[in-house]
Each structure stands twice: as structure tokens, then as C-alpha cells.
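Chemist: Pasting my_file22.tsv below, which is TSV, C-alpha atoms.
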```tsv
chain	number	residue	atom	x	y	z
J	278	MET	CA	385.09	123.37	144.58
J	279	LEU	CA	383.46	122.54	147.89
J	280	SER	CA	380.16	120.77	148.20
J	281	LYS	CA	377.46	121.78	150.66
J	282	SER	CA	378.88	119.41	153.27
J	283	GLY	CA	382.33	120.96	152.99
J	284	ASN	CA	384.03	118.10	151.04
J	285	LEU	CA	385.66	118.40	147.69
J	286	ALA	CA	383.19	117.46	145.00
J	287	PHE	CA	383.95	115.84	141.68
J	288	ASP	CA	382.74	117.29	138.44
J	289	ALA	CA	381.43	113.90	137.28
J	290	PRO	CA	378.56	112.13	138.95
J	291	ARG	CA	379.49	109.24	141.28
J	292	TRP	CA	377.95	106.57	139.03
J	293	ILE	CA	380.41	107.35	136.22
J	294	ILE	CA	383.35	106.72	138.55
J	295	ASP	CA	381.78	103.51	139.85
J	296	PHE	CA	381.02	102.33	136.32
J	297	SER	CA	384.58	103.06	135.18
J	298	ILE	CA	386.11	101.06	138.03
J	299	THR	CA	383.70	98.17	137.40
J	300	PHE	CA	384.43	98.25	133.67
J	301	VAL	CA	388.21	98.11	134.23
J	302	LEU	CA	387.83	95.18	136.65
J	303	ALA	CA	385.52	93.33	134.24
J	304	ILE	CA	388.03	93.74	131.39
J	305	PHE	CA	390.83	92.44	133.65
J	306	ILE	CA	388.79	89.38	134.66
J	307	PHE	CA	387.84	88.73	131.03
J	308	ILE	CA	391.50	88.83	129.93
J	309	VAL	CA	392.56	86.43	132.71
J	310	LEU	CA	389.73	83.99	131.92
J	311	PHE	CA	390.40	84.18	128.17
J	312	ASN	CA	394.08	83.32	128.70
J	313	PHE	CA	393.20	80.50	131.09
J	314	ILE	CA	390.63	78.92	128.76
J	315	ASN	CA	392.92	79.11	125.71
J	316	GLU	CA	395.98	77.76	127.50
J	317	ASN	CA	397.22	74.52	125.96
J	318	ILE	CA	397.89	72.12	128.81
J	319	PRO	CA	400.04	69.16	127.73
J	320	ILE	CA	398.48	65.98	129.07
J	321	HIS	CA	400.45	63.38	127.11
J	322	ASP	CA	402.68	62.44	130.06
J	323	ILE	CA	399.62	62.10	132.29
J	324	GLU	CA	397.96	59.83	129.72
J	325	ALA	CA	401.10	57.68	129.42
J	326	ASP	CA	401.33	57.29	133.21
J	327	ASN	CA	397.63	56.43	133.30
J	328	VAL	CA	398.11	53.65	130.73
J	329	MET	CA	401.02	52.19	132.70
J	330	LYS	CA	399.15	52.32	136.02
J	331	ASN	CA	396.06	50.68	134.53
J	332	LEU	CA	398.14	47.87	133.06
J	333	LEU	CA	400.00	47.15	136.30
J	334	TYR	CA	397.39	47.81	138.98
J	335	SER	CA	393.92	47.08	137.54
J	336	ASP	CA	392.67	43.56	138.24
J	337	TYR	CA	391.23	43.13	134.77
J	338	CYS	CA	394.44	44.14	132.95
J	339	LEU	CA	397.80	42.39	133.33
J	340	VAL	CA	397.74	41.77	137.09
J	341	TYR	CA	398.51	38.21	138.08
J	342	SER	CA	395.80	36.55	140.14
J	343	ASP	CA	395.23	33.12	141.60
J	344	GLU	CA	392.70	31.49	143.92
J	345	PHE	CA	394.02	33.53	146.86
J	346	GLY	CA	393.80	36.98	145.28
J	347	SER	CA	395.39	39.36	142.83
J	348	TYR	CA	398.90	40.76	142.98
J	349	PRO	CA	399.26	44.29	141.58
J	350	GLY	CA	402.64	44.93	140.02
J	351	ILE	CA	403.11	41.29	139.01
J	352	VAL	CA	402.45	40.78	135.29
J	353	ASP	CA	400.68	37.67	134.07
J	354	LEU	CA	402.15	36.95	130.62
J	355	ASN	CA	399.04	34.91	129.75
J	356	LYS	CA	396.91	38.06	130.03
J	357	LEU	CA	399.10	39.95	127.56
J	358	SER	CA	396.89	39.73	124.45
J	359	LYS	CA	395.35	42.18	121.98
J	360	GLU	CA	391.82	41.55	123.19
J	361	ASN	CA	392.76	42.00	126.84
J	362	LEU	CA	394.67	45.23	126.19
J	363	ILE	CA	391.80	46.72	124.18
J	364	SER	CA	389.31	45.90	126.94
J	365	CYS	CA	391.77	47.07	129.59
J	366	PHE	CA	392.45	50.59	128.36
J	367	ALA	CA	391.20	52.17	125.17
J	368	LYS	CA	390.63	55.86	124.53
J	369	ASP	CA	389.98	57.87	121.39
J	370	GLY	CA	393.07	59.75	120.29
J	371	LEU	CA	395.48	57.42	122.09
J	372	GLY	CA	397.43	54.33	121.08
J	373	TYR	CA	400.02	52.17	122.78
J	374	THR	CA	402.09	49.00	122.52
J	375	VAL	CA	403.25	46.82	125.39
J	376	SER	CA	406.39	44.69	125.69
J	377	VAL	CA	407.63	42.57	128.58
J	378	LEU	CA	411.37	41.99	128.80
J	379	ASP	CA	413.37	39.72	131.07
J	380	ALA	CA	416.05	41.10	133.40
J	381	GLU	CA	418.68	40.91	130.62
J	382	GLY	CA	416.53	42.91	128.21
J	383	ASN	CA	415.39	40.03	126.00
J	384	GLU	CA	411.86	40.45	124.75
J	385	LEU	CA	409.48	37.84	126.14
J	386	LYS	CA	406.23	39.10	124.63
J	387	SER	CA	405.17	42.16	122.71
J	388	ILE	CA	401.62	43.16	121.80
J	389	ASP	CA	400.38	45.88	119.49
J	390	PRO	CA	396.63	46.29	120.03
J	391	GLU	CA	396.46	48.04	116.62
J	392	PHE	CA	394.80	51.25	117.67
J	393	ASN	CA	394.32	53.84	114.92
J	394	TYR	CA	397.40	55.84	115.94
J	395	ASN	CA	399.77	52.91	116.48
J	396	MET	CA	400.85	52.93	112.84
J	397	PHE	CA	402.47	56.34	113.49
J	398	ILE	CA	404.67	55.20	116.41
J	399	PRO	CA	407.72	54.38	114.23
J	400	ILE	CA	407.67	57.84	112.60
J	401	CYS	CA	406.42	59.77	115.61
J	402	LYS	CA	409.67	61.61	116.31
J	403	GLY	CA	409.57	63.37	112.96
J	404	ASN	CA	405.82	63.94	112.80
J	405	LYS	CA	404.66	67.05	114.66
J	406	ASP	CA	401.00	65.92	114.59
J	407	PHE	CA	401.68	63.24	117.21
J	408	VAL	CA	403.38	63.03	120.59
J	409	CYS	CA	405.11	59.78	121.56
J	410	SER	CA	406.75	58.60	124.73
J	411	GLU	CA	408.18	55.42	126.11
J	412	LYS	CA	407.57	54.37	129.70
J	413	LYS	CA	409.55	51.60	131.37
J	414	ASP	CA	409.08	50.10	134.79
J	415	PHE	CA	410.59	47.22	136.73
J	416	VAL	CA	408.09	44.45	137.39
J	417	LEU	CA	407.84	40.83	138.34
J	418	TYR	CA	406.28	38.54	135.76
J	419	MET	CA	404.83	35.06	136.12
J	420	LYS	CA	406.12	32.34	133.85
J	421	ASP	CA	405.51	28.64	134.43
J	422	GLY	CA	404.20	29.33	137.94
J	423	LYS	CA	407.33	31.22	139.05
J	424	LYS	CA	408.06	34.92	139.51
J	425	TYR	CA	410.92	36.48	137.59
J	426	PRO	CA	412.23	40.05	137.53
J	427	GLY	CA	411.64	41.93	134.33
J	428	ILE	CA	410.80	45.21	132.63
J	429	ILE	CA	407.55	46.38	131.12
J	430	ASN	CA	407.90	48.81	128.25
J	431	VAL	CA	404.90	50.84	127.06
J	432	GLU	CA	405.06	53.11	124.01
J	433	VAL	CA	402.23	55.65	124.02
J	434	ILE	CA	401.13	57.91	121.16
J	435	THR	CA	398.59	60.72	121.28
J	436	HIS	CA	397.44	63.24	118.71
J	437	ALA	CA	398.98	66.66	119.36
```
What would the structure in this file look like if it were written as C-alpha cells?

Modeler:
Amino acid sequence: MLSKSGNLAFDAPRWIIDFSITFVLAIFIFIVLFNFINENIPIHDIEADNVMKNLLYSDYCLVYSDEFGSYPGIVDLNKLSKENLISCFAKDGLGYTVSVLDAEGNELKSIDPEFNYNMFIPICKGNKDFVCSEKKDFVLYMKDGKKYPGIINVEVITHA
């Protein structure tokens, strides 16, 4: 059927076609947004890295400092205490323990700040409600005014 201008005309008015195209696009956008919002993004590894970085590089955590300045990456064993760790990094739904080992793997000092979730660290592997990880990094530590090579070990637990 030809319209008055000589073009093919549709049986339906133009607004129905426009509405249908808009409706289909709106449904598509809704589905994409719904999937994006409901996606479960695992952030446990990010949280564990954040704990480790705060411990090693924040001046008020475990960083060794003297009258000349602070030295990120060098652990002051005197700062490794429950009170200091709690003030250094505490977050609801997260727990961690910190151990400093010498180069041979002998434990020098270990602190459990006793967060609510820390009691689940030993059974974390079998408990699906929690996610645990262990982060290790090579560090220098200060003992009796001298630097020694060592390892810092941080066990982190979060609620799944």
C-alpha cells in the first residue's frame, strides 16, 4: 500500500513501532544492570593485600622509625602488639593474625589481635562461611638496633 507521498506505509502507527523498539532496549538495559548489581565480586584477596600493605607501609603500624624518619618495609618488632594492630587496621567482617619469622623460618613474634572472626582461622578450610588466606612477604626487621632479613606472615579471614 502506498501512502500519499509515494512511500510504502505501515499498517501500524509510527508511535507503536517507536514504543516497541524503546521497550526492547529498556528490557535489555534492565537485564544487564540486574546482572551487574547481583554479581558477587570476590574481594577477599584485595582485603588481604590491603592488610599487608597497611602493616608494612603505614607509619602508625609496624614501620620502623627513628629520629631521622620512618622506613617503610622495615618492621619494628616493638610495635607488634595487640593494641597497635587493632588501631592500625580493623574492619568489621575481617580478622587477621601477624607473625614475624627470621630468615630460617623461626618464629620471632606472633600476635593475634583477637578479632571476632579469628577464632575460625584454624577451621577455616572446612567452613564454607569463611574465606581464609595466608600472605607472606620478605621484610627487614629491627632487633637490638640492627636490621635482619625475615618474613612477615599474615593470616586473613573474612566472612563469605

Chemist: Tyr341 (chain J): which residues within 12 Å, counting only C-alpha atoms, same-chain residues fewer than 5 positions away excluded, as a list of chain:residue names?

Modeler: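 These residues fall inside the cut-off: J:Leu332, J:Leu333, J:Tyr334, J:Ser335, J:Asp336, J:Gly346, J:Ser347, J:Tyr348, J:Pro349, J:Gly350, J:Ile351, J:Val352, J:Asp353, J:Leu354, J:Asn355, J:Lys356, J:Leu357, J:Val416, J:Leu417, J:Tyr418, J:Met419, J:Lys420, J:Gly422, J:Lys423, J:Lys424.
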
Chemist: Excluding same-chain residues fewer than 2 positions from Cys409 (chain J), what lies within 12 Å of it counting only C-alpha atoms, as a VMD selection string?

Modeler: chain J and resid 320 to 322 324 to 325 371 to 374 394 to 407 411 to 412 431 to 437

Chemist: At what distance in Å, to one decimal, does CA of Val377 (chain J) lie from CA of Asp414 (chain J)?

Modeler: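 Rounded to one decimal, the two atoms are 9.9 Å apart.
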
Chemist: In the coordinate frame of the file, compute which residues have an atom within 9 Å of (391.1, 43.8, 131.0) when using only C-alpha atoms, and state them as a count of residues only.

Modeler: 14

Chemist: Report the distance between CA of Ala380 (chain J) and CA of Tyr425 (chain J) in Å, rounded to one decimal place.

Modeler: 8.1 Å

Chemist: Counting all atoms listed in the file, which of J:Asp379, J:Glu316, J:Asp369, J:Asp295 gets nearest to Phe392 (chain J)?

Modeler: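 Of J:Asp379, J:Glu316, J:Asp369, J:Asp295, the one nearest Phe392 (chain J) is J:Asp369, counting all atoms listed in the file.
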
Chemist: So how many Å separate CA of Asp326 (chain J) and CA of Asn383 (chain J), to one decimal?

Modeler: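 These two atoms are separated by 23.4 Å.
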
Chemist: Between J:Ala303, J:Ile428, J:Ile308, J:Ile314, which has the minimum distance to Leu378 (chain J) (counting only C-alpha atoms)?

Modeler: J:Ile428

Chemist: J:Val340, J:Val408, J:Ile294, J:Ile429: which is nearest Leu385 (chain J), counting all atoms listed in the file?

Modeler: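 Nearest candidate to Leu385 (chain J) out of J:Val340, J:Val408, J:Ile294, J:Ile429: J:Ile429.
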
Chemist: Which one of J:Pro290, J:Ser342, J:Ser410, J:Ile298 sits closest to Ile323 (chain J) if you count all atoms listed in the file?

Modeler: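 With all atoms listed in the file as the atom set, the closest residue is J:Ser410.
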